[in-house]
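What follows is one structure encoded as structure tokens, with my remarks underneath.
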Amino acid sequence: MLTYEPGSSPAHRLDPRSKLAVQLAFAVAAFAYTTPRGLAVLTVFTLGVLAVAKTVPQRVLWEYRFVFPFLLAAPILDGVTWGAPWFVIEDAIAPLLAGWRVLLVLLVAAAYVRTTPVRESRAAVQRLIPGNPGQFLGMGVAFVFRLLPVLLSDIARIRDVHKARLGTERSVSDRMQFLTIAAFNRAFDRADRFALALQARCFSWNPTLPALRLSRLDAVAFVVAAALLGAALISAV
């Protein structure tokens with residue numbers, strides 16, 4: 001499961017604000033360079049980001065396996081025709097490149113999640129956006145990072161139980177209905193227990209957050225982010 005893991009990689013030592021800057025700049029560059037050559041260069045950059053975070057690409061791809069059917073459905077549906085030649089490759093190229101861009105953004109985001117504690121992410125958001133809006137967004141970010149891996153794990157267990165009870169013998173619609181209902185019931189149960197835990201621990205909207213300090217390594221990250229934004233602007237001109 002993609003969650004924060006303590007480590008000593010260069011990405012672990014970066015301030016979350018610099019990592020967010022790189023992630024945002026990369027997303028802008030990914031949607032600015034839409035050609036196969038541009039995306040190939042961004043792919044090499046993504047592999048470099050994963051190496052800096054000491055994150056194995058195969059592991060991230062496995063964690064994102066549920067996204068692949070959606071990324072592949074668009075080019076297949078756009079390329080299929082109702083008559084000869086039945087499939088037009090030229091029509092499938094654009095959505096295929098779009099899916100490639102989305103996958104690259106997800107890989108860079110995975111490097112951030114794996115190397116950044118939840119409390120530091122919340123601190124970064126609240127320092128970038130002051131006042132009540134920042135507190136609300138910071139709280140939301142913290143909740144998502146903590147609950148999403150748990151919910152995904154619940155869904156995996158539901159599927160395993162359904163498979164053990166020969167649920168795979170049912171039709172696809174029945175399996176989807178069972179999984180959806182069970183997942184929502186589990187999510188609501190998790191939400192109720194989470195709210196009770198917050199009350200029991202005297203949840204505060206404005207807690208004491210960890211101190212954030214920029215270093216020389218963060219300066220390098222900001223330079224990389226600026227270079228990505230500059231490249232995106234040059235592509236747009």
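Letters A, B, ... mark the chains of the structure tokens in the order given; residue numbers begin at 1 per chain; ligand numbers begin at 1, in order shown.
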For this session: List the neighbours of Val52 of chain A out to 7 Å using only C-alpha atoms; skip same-chain residues closer than 2 positions along the sequence, and give me the result as a PyMOL selection string.
Result: chain A and resi 9-11+48-50+54
Write a file of the selected residues as a short mmCIF file (atom, residue, chain, number, x, y, z; two decimals), in the first residue's frame, keeping C-alpha atoms.
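After the write, selection.cif holds the following:
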```cif
data_model
loop_
_atom_site.label_atom_id
_atom_site.label_comp_id
_atom_site.auth_asym_id
_atom_site.auth_seq_id
_atom_site.Cartn_x
_atom_site.Cartn_y
_atom_site.Cartn_z
CA SER A 9 16.55 9.08 0.74
CA PRO A 10 17.15 12.60 -0.63
CA ALA A 11 13.40 12.98 -1.14
CA GLY A 48 14.66 9.92 -11.75
CA VAL A 49 12.14 11.17 -9.20
CA LEU A 50 11.34 7.61 -8.14
CA LYS A 54 14.10 5.14 -3.51
#
```
For this session: Using DSSP on the backbone coordinates, identify all residues within segment 1-232 of chain A classified as helix (DSSP H, G or I); present the result as a ChimeraX atom specification.
Result: /A:10-13,16-32,36-52,57-63,65-79,89-115,118-128,131-164,167-169,172-200,216-232
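Taking atom CA of Ala111 of chain A as the reference point, atom CA of Ser18 of chain A is found at 13.1 Å.
If you measure from each of A:Val224, A:Val56, A:Arg165, A:Ala232 to Gly38 of chain A using only C-alpha atoms, the closest one turns out to be A:Ala232.
Proximity ranking of A:Arg213, A:Arg13, A:Arg59, A:Lys19 relative to Tyr112 of chain A places A:Lys19 first, based on only C-alpha atoms.
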Exercise. Got a sec: who's within 10 Å of segment 172-181 of chain A, counting only C-alpha atoms, leaving out chain neighbours fewer than 3 positions off, as a list of chain:residue names?
Worked result: A:Ile155, A:Ala156, A:Ile158, A:Arg159, A:His162, A:Lys163, A:Gly167, A:Thr168, A:Glu169, A:Phe184, A:Asn185, A:Arg186, A:Ala187
